[in-house]
Each structure stands twice: as C-alpha cells, then as structure tokens.
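Student: Below is the file my_file08.txt, which contains compact mmCIF, C-alpha atoms.
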# COMPACT_ATOMS: atom_id res chain seq x y z
CA MET A 1 27.19 32.93 56.39
CA ARG A 2 29.29 31.27 59.02
CA TYR A 3 27.81 28.29 60.86
CA LYS A 4 27.53 28.79 64.60
CA ALA A 5 27.05 25.13 65.52
CA ILE A 6 27.89 21.71 64.17
CA ILE A 7 25.74 18.77 65.23
CA PHE A 8 26.84 15.18 64.75
CA ASP A 9 25.19 11.83 64.49
CA LEU A 10 27.06 9.35 66.69
CA ASP A 11 27.02 5.75 65.47
CA ASN A 12 29.28 5.27 62.45
CA THR A 13 29.86 9.02 62.33
CA LEU A 14 31.91 9.82 65.45
CA LEU A 15 31.85 6.38 67.05
CA ASP A 16 32.49 3.15 65.13
CA TYR A 17 29.36 1.25 66.10
CA SER A 18 30.10 -1.71 63.83
CA GLN A 19 33.53 -2.33 65.34
CA SER A 20 32.27 -1.94 68.90
CA GLU A 21 29.35 -4.29 68.32
CA ARG A 22 31.48 -7.01 66.76
CA SER A 23 34.35 -6.76 69.24
CA CYS A 24 32.13 -6.71 72.33
CA MET A 25 29.92 -9.52 71.06
CA GLN A 26 32.96 -11.71 70.40
CA GLN A 27 34.25 -10.97 73.90
CA ALA A 28 30.88 -11.94 75.38
CA LEU A 29 30.80 -15.22 73.46
CA GLU A 30 34.33 -16.01 74.61
CA HIS A 31 33.44 -15.20 78.22
CA TYR A 32 30.79 -17.94 78.12
CA ARG A 33 33.06 -20.21 76.04
CA LEU A 34 30.54 -20.23 73.22
CA HIS A 35 33.29 -19.61 70.68
CA GLU A 36 34.41 -23.19 71.28
CA GLU A 37 31.22 -24.63 69.78
CA LEU A 38 30.06 -21.87 67.42
CA THR A 39 31.87 -20.06 64.64
CA TRP A 40 31.42 -16.30 64.54
CA GLU A 41 29.79 -16.52 61.12
CA GLU A 42 27.33 -19.17 62.31
CA PHE A 43 26.35 -17.12 65.34
CA TRP A 44 26.19 -13.71 63.69
CA SER A 45 24.26 -14.81 60.59
CA THR A 46 21.50 -15.98 62.96
CA PHE A 47 21.73 -13.33 65.68
CA GLY A 48 22.00 -10.28 63.39
CA PRO A 49 18.58 -10.48 61.67
CA ILE A 50 16.83 -11.53 64.89
CA ASN A 51 18.33 -8.66 66.84
CA PHE A 52 17.50 -6.18 64.09
CA ASN A 53 13.86 -7.28 64.14
CA TYR A 54 13.61 -6.92 67.92
CA TRP A 55 15.31 -3.51 67.76
CA MET A 56 12.96 -2.20 65.08
CA ASN A 57 9.91 -3.40 67.02
CA ARG A 58 11.10 -2.47 70.51
CA ILE A 59 8.79 0.53 70.89
CA GLN A 60 5.55 -1.23 69.95
CA ASN A 61 6.60 -4.23 72.09
CA ASN A 62 7.58 -1.92 74.98
CA HIS A 63 10.99 -3.58 75.28
CA ASP A 64 14.04 -1.83 76.67
CA ILE A 65 17.51 -2.61 75.32
CA ARG A 66 18.17 -5.38 77.83
CA GLN A 67 14.96 -7.14 76.85
CA VAL A 68 15.82 -6.72 73.18
CA LEU A 69 19.18 -8.38 73.77
CA GLU A 70 17.87 -11.17 75.99
CA HIS A 71 15.12 -12.12 73.53
CA SER A 72 17.61 -11.94 70.67
CA PHE A 73 19.97 -14.35 72.39
CA MET A 74 17.15 -16.70 73.33
CA ASP A 75 15.81 -16.90 69.77
CA THR A 76 19.32 -17.22 68.35
CA PHE A 77 20.25 -20.24 70.45
CA LEU A 78 16.86 -21.77 69.80
CA GLY A 79 17.39 -21.32 66.07
CA LEU A 80 20.88 -22.80 66.31
CA LYS A 81 19.54 -25.73 68.36
CA ARG A 82 21.98 -24.97 71.16
CA GLU A 83 21.00 -25.30 74.80
CA PHE A 84 22.06 -22.17 76.62
CA THR A 85 20.29 -20.98 79.75
CA GLN A 86 22.28 -17.83 80.56
CA CYS A 87 20.71 -15.47 78.03
CA ARG A 88 20.08 -12.75 80.60
CA GLU A 89 23.65 -13.01 81.88
CA ILE A 90 25.24 -12.84 78.44
CA SER A 91 23.01 -9.90 77.57
CA GLU A 92 24.29 -8.00 80.61
CA THR A 93 27.87 -8.97 79.82
CA TYR A 94 27.62 -7.77 76.25
CA TRP A 95 25.84 -4.55 77.18
CA GLY A 96 28.41 -3.72 79.83
CA LEU A 97 31.25 -4.27 77.37
CA PHE A 98 29.52 -2.25 74.67
CA CYS A 99 28.80 0.72 76.94
CA SER A 100 32.45 0.90 77.95
CA SER A 101 33.83 0.54 74.41
CA ASN A 102 35.55 3.52 72.84
CA HIS A 103 36.08 2.65 69.20
CA MET A 104 36.07 5.93 67.26
CA GLU A 105 35.75 6.75 63.61
CA PRO A 106 39.13 7.86 62.20
CA HIS A 107 40.08 11.39 63.31
CA ALA A 108 36.92 11.89 65.40
CA ASP A 109 38.93 13.10 68.39
CA LEU A 110 41.07 15.40 66.25
CA ILE A 111 38.17 17.14 64.53
CA LEU A 112 36.28 17.69 67.78
CA GLU A 113 39.37 19.21 69.35
CA HIS A 114 39.80 21.43 66.31
CA LEU A 115 36.17 22.64 66.28
CA HIS A 116 35.76 23.02 70.03
CA GLY A 117 35.74 26.65 71.10
CA ASP A 118 35.01 28.00 67.60
CA PHE A 119 31.61 26.32 67.25
CA ALA A 120 28.91 25.05 69.55
CA LEU A 121 28.87 21.26 69.18
CA GLY A 122 25.94 18.92 69.53
CA VAL A 123 24.74 15.35 69.07
CA ILE A 124 21.48 13.94 67.75
CA SER A 125 21.45 10.15 67.94
CA ASN A 126 18.85 7.41 67.46
CA GLY A 127 20.55 5.44 70.21
CA ILE A 128 20.35 4.49 73.86
CA GLY A 129 21.37 7.27 76.22
CA GLU A 130 23.27 5.03 78.63
CA ALA A 131 25.48 3.64 75.87
CA GLN A 132 26.02 6.89 74.00
CA ARG A 133 27.05 8.85 77.08
CA LYS A 134 29.32 6.14 78.46
CA ARG A 135 30.99 5.43 75.11
CA LEU A 136 31.77 9.09 74.54
CA ALA A 137 33.08 9.38 78.09
CA ALA A 138 35.24 6.27 77.59
CA GLY A 139 36.78 7.92 74.55
CA GLY A 140 37.27 11.24 76.33
CA LEU A 141 34.88 13.04 73.96
CA PHE A 142 31.77 13.81 76.02
CA HIS A 143 32.95 17.17 77.34
CA TYR A 144 33.03 18.70 73.86
CA PHE A 145 29.25 18.89 73.49
CA ASP A 146 26.90 21.76 74.32
CA SER A 147 23.76 19.86 73.27
CA PHE A 148 23.11 16.15 73.57
CA ILE A 149 19.83 14.75 72.21
CA ILE A 150 19.29 10.97 72.36
CA SER A 151 16.13 9.49 70.91
CA ASP A 152 15.23 7.10 73.73
CA GLU A 153 15.50 9.93 76.26
CA VAL A 154 13.27 12.38 74.36
CA LYS A 155 10.96 9.71 72.84
CA CYS A 156 11.45 11.05 69.35
CA TRP A 157 13.49 9.55 66.53
CA LYS A 158 15.21 10.76 63.39
CA PRO A 159 14.11 11.62 60.74
CA ASP A 160 11.31 13.34 62.67
CA PRO A 161 12.08 17.10 62.53
CA GLN A 162 10.99 17.38 66.17
CA ILE A 163 14.24 15.87 67.41
CA PHE A 164 16.21 18.42 65.38
CA GLU A 165 14.05 21.21 66.78
CA LEU A 166 14.96 20.10 70.30
CA ALA A 167 18.65 20.55 69.47
CA LEU A 168 18.03 23.97 67.94
CA GLN A 169 16.18 25.01 71.08
CA GLU A 170 19.04 23.86 73.31
CA LEU A 171 21.56 25.75 71.20
CA ALA A 172 19.24 28.77 70.75
CA LEU A 173 19.96 28.83 67.03
CA SER A 174 18.01 28.87 63.80
CA PRO A 175 18.28 26.08 61.18
CA ASP A 176 20.47 28.14 58.82
CA GLU A 177 23.07 28.59 61.55
CA VAL A 178 23.65 24.87 61.96
CA LEU A 179 25.42 22.12 60.00
CA TYR A 180 24.42 18.50 60.67
CA ILE A 181 26.83 15.64 59.89
CA GLY A 182 25.83 11.98 59.64
CA ASP A 183 26.27 8.74 57.74
CA SER A 184 22.61 7.84 57.05
CA LEU A 185 20.71 9.03 53.99
CA THR A 186 17.43 8.03 55.64
CA ASP A 187 17.59 9.10 59.28
CA ASP A 188 20.21 11.85 59.00
CA TYR A 189 19.75 13.33 55.53
CA GLU A 190 15.97 13.19 55.53
CA GLY A 191 15.71 14.60 59.04
CA ALA A 192 18.07 17.48 58.39
CA VAL A 193 16.45 18.39 55.08
CA ARG A 194 12.95 18.35 56.62
CA SER A 195 14.28 20.66 59.34
CA GLY A 196 15.87 23.17 56.96
CA ILE A 197 19.37 22.32 58.20
CA ASP A 198 22.37 21.95 55.88
CA PHE A 199 23.46 18.31 55.77
CA CYS A 200 26.99 16.98 55.41
CA TYR A 201 27.07 13.34 54.35
CA TYR A 202 29.89 11.40 55.97
CA ASN A 203 30.27 8.87 53.18
CA ARG A 204 32.50 6.44 55.05
CA ARG A 205 31.94 3.63 52.52
CA ASP A 206 32.09 5.79 49.39
CA THR A 207 28.50 4.93 48.50
CA PRO A 208 27.24 6.34 45.16
CA LEU A 209 24.53 8.98 45.53
CA ASN A 210 21.36 8.98 43.46
CA ASP A 211 19.60 12.08 42.15
CA HIS A 212 17.18 12.06 45.09
CA HIS A 213 19.92 12.83 47.60
CA ARG A 214 21.54 16.25 47.37
CA PRO A 215 23.48 16.92 50.58
CA ALA A 216 25.12 20.31 50.94
CA TYR A 217 28.46 18.55 51.41
CA VAL A 218 29.97 15.10 51.06
CA ILE A 219 33.09 14.09 52.99
CA ARG A 220 35.00 10.84 53.30
CA ASP A 221 37.26 11.88 56.16
CA LEU A 222 36.12 13.81 59.24
CA LEU A 223 39.13 16.10 58.93
CA GLU A 224 37.56 17.53 55.78
CA ILE A 225 35.15 19.37 58.08
CA LYS A 226 37.95 21.85 58.70
CA ASP A 227 37.58 23.14 55.14
CA LEU A 228 33.81 23.54 55.11
CA ALA A 229 32.97 24.62 58.67
CA ASN A 230 33.25 28.31 57.85
CA ASP A 231 31.45 28.02 54.54
CA GLY A 232 27.68 28.52 54.69
CA THR A 233 27.11 28.38 50.95
CA ARG A 234 25.28 25.32 49.71
CA ARG A 235 27.50 23.13 47.59
CA THR A 236 28.41 19.46 47.22
CA THR A 237 32.06 18.43 47.21
Spit out the file's structure as structure tokens when you get a sec.
Tutor:
Amino acid sequence: MRYKAIIFDLDNTLLDYSQSERSCMQQALEHYRLHEELTWEEFWSTFGPINFNYWMNRIQNNHDIRQVLEHSFMDTFLGLKREFTQCREISETYWGLFCSSNHMEPHADLILEHLHGDFALGVISNGIGEAQRKRLAAGGLFHYFDSFIISDEVKCWKPDPQIFELALQELALSPDEVLYIGDSLTDDYEGAVRSGIDFCYYNRRDTPLNDHHRPAYVIRDLLEIKDLANDGTRRTT
C-alpha cells in the first residue's frame, strides 16, 4: 500500500547536528578568545564526555539545556585547570549560535520539497524544542511539516512507542500508513519497530548491520526516498 505520511528524525537525519555543534562551539570559544590558549582537541576531548553525562542525566537532575551547558563548561575548565568565570555567558553564546545554525544533511531540502504535497510530513525528535524549531526555520524547512513532536515538549522520549503514538494521533493515521526515517538503531529503529511503523535507516556512515536489526529500508542518500516512498512492501535495499 502507499504510505500517506513520512516522519523524520531530525539530528543527523535532516539536520547535521555534528557539524552545527562543532562549528558553533568553535565560534563560542573564539568569541571568548579561548582558542588562543586551548587547542580544539584539548577542549573537546574534555568537554564532550562531561557534556554527554550531564545530557543523559538532565531529567533526573531536573536540569534544562542551559544548566546542562553551564555545568559542562564549569567542569571542563576545572578539569583543564583553566580559570574561566564566564561559564554562563559562554553557554548562552553557544546556545544562541546553535539555535540559529542551519547545517543540513545533504539533499535534505530537496527531498522535503519533492515529498511536500504528496505526503503528510512529520518530525519526531529527542531534542530541545527551541533549537529544533529555530534550526529548521533558519534553513527554511519548518513550513514543510504537518506534525512536529519534540521530546522535551511532550515529556516522552524515543524509543518509547508513546511518542510515536502522539505523531500518529496528530496525523490521524495508523502505523501501517507511515514510514519513519532516522539514523539511530536504538532510538529510531527500536521505537518505530515497537510502534508497528516501517523504518527506513538513514545509514549516513555506511555502518554494517547485524542480524538483530532488520529495517524495512536502508538508504545512504536522502534522495533515495524518492524511489521507496510509494512502496509499502517490506524490503531492505
């Protein structure tokens, strides 16, 4: 049967999160002249794991994204034995840059333009609503979507089927009428499979699949969606 809607993950599926994070963080460091005393590798090798830990524990610690960033900067400079007292300011600088960044995955704009009008389009993202909305708007992509579900706004996170059910309710569709596209075999694949939704794996890094993962489709370029959007049969390419 023909799909009636296509739902996308955002980070590293439509938007290049990795490029935005790196570029905006480097700009923030330069703004505070920290690049003059720290190499990028020295900073990032310390900041990255600290920030990941704060992000993963943000809910139980009741921290919003600005607190996550501020604490991450504080612990990073402490670990690097650098005196820096503007952690709140650099957090705001980075967050402002990140929210206005518009780095896209290759051909994201082209495939959305191609699909728009023929399919209902949606988003399910384990992100921060402020950033996701602003980044899509900065790239001129926000208007394409009929459903927009962001985890921090609905207090539910992939791979919980509940967040997929919210999207189905907004689109007034059943699971077999929807195709979900994402880059994560944990959050995206597991969530879609638990929800009875066909999953298309955007394998941007050409990662080998094990026998446990059997997505309906595998693509390496978003433009490949053109060939499978009208195909509702389950197959892996």
Student: Smallest atom-to-atom distance to Trp44 (chain A): which of A:Ile59, A:Tyr32, A:Gly139, A:Ser72, using only C-alpha atoms?
Tutor: A:Ser72
Student: Report, in Å to a single decimal, how far apart CA of Asp16 (chain A) and CA of Trp40 (chain A) are.
Tutor: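 A separation of 19.5 Å between them.
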Student: What does the structure give for the distance between CA of Ser91 (chain A) and CA of Leu69 (chain A), in Å to one decimal?
Tutor: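 According to the coordinates, CA of Ser91 (chain A) and CA of Leu69 (chain A) are separated by 5.6 Å.
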Student: With all atoms listed in the file as the basis for distance, which of A:Glu105, A:Glu41, A:Gln132, A:Leu34 is at the shortest distance from Asn203 (chain A)?
Tutor: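 Among the listed residues, the smallest separation from Asn203 (chain A) belongs to A:Glu105.
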Student: So, counting only C-alpha atoms, which residue among A:Ala216, A:Leu78, A:Val178, A:Ile197 is closest to Arg2 (chain A)?
Tutor: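 Of the candidates, the smallest distance to Arg2 (chain A) is held by A:Val178.
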Student: Which neighbours of Arg88 (chain A) fall inside 12 Å, counting only C-alpha atoms, when residues of the same chain fewer than 6 positions from it are skipped, and could you give them as a list of chain:residue names?
Tutor: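 Near Arg88 (chain A), the qualifying residues are A:Ile65, A:Arg66, A:Gln67, A:Val68, A:Leu69, A:Glu70, A:His71, A:Ser72, A:Phe73, A:Met74, A:Tyr94, A:Trp95.
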Student: If we count only C-alpha atoms and set the cut-off at 9 Å, which residues sit around Ile7 (chain A), ignoring sequence neighbours fewer than 5 positions away in its own chain? Please answer as number ranges by chain.
Tutor: A: 120-124, 145, 147, 167, 178-182
Student: Pick from A:Tyr17, A:Ile111, A:Val193, A:Phe8: nearest to Asp221 (chain A), with only C-alpha atoms counted?
Tutor: A:Ile111
Student: My list of candidates is A:His114, A:His107, A:Arg58, A:His31. Which is closest to Leu222 (chain A) when distances are computed with all atoms listed in the file?
Tutor: A:His107
Student: Rounded to one decimal, what separation in Å do you get between CA of Ile50 (chain A) and CA of Asp64 (chain A)?
Tutor: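 Between CA of Ile50 (chain A) and CA of Asp64 (chain A) the gap works out to 15.5 Å.
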Student: Please determine, counting all atoms listed in the file, which residue among A:Ser101, A:Ala28, A:Thr186, A:Ile149 has the shortest atom-to-atom distance to Leu136 (chain A).
Tutor: A:Ser101
Student: Could you give me, as an NGL selection string, the residues within 10 Å of Leu112 (chain A), counting all atoms listed in the file and dropping anything in the same chain fewer than 2 positions from it?
Tutor: :A and (6 or 14 or 107-110 or 114-117 or 119 or 121 or 141 or 144-145 or 222-223 or 225)
Student: Please, which residues are within 12 Å of (38.2, 0.2, 73.8) by the file's coordinates, counting all atoms listed in the file, and could they come as a ChimeraX atom specification?
Tutor: /A:15-17,19-21,23-24,27,97-104,134-140
Student: Name the residues in contact with Pro215 (chain A) at a cut-off of 7 Å, using only C-alpha atoms, excluding same-chain residues fewer than 3 positions from it; report them as a PyMOL selection string.
Tutor: chain A and resi 199-201+218+236
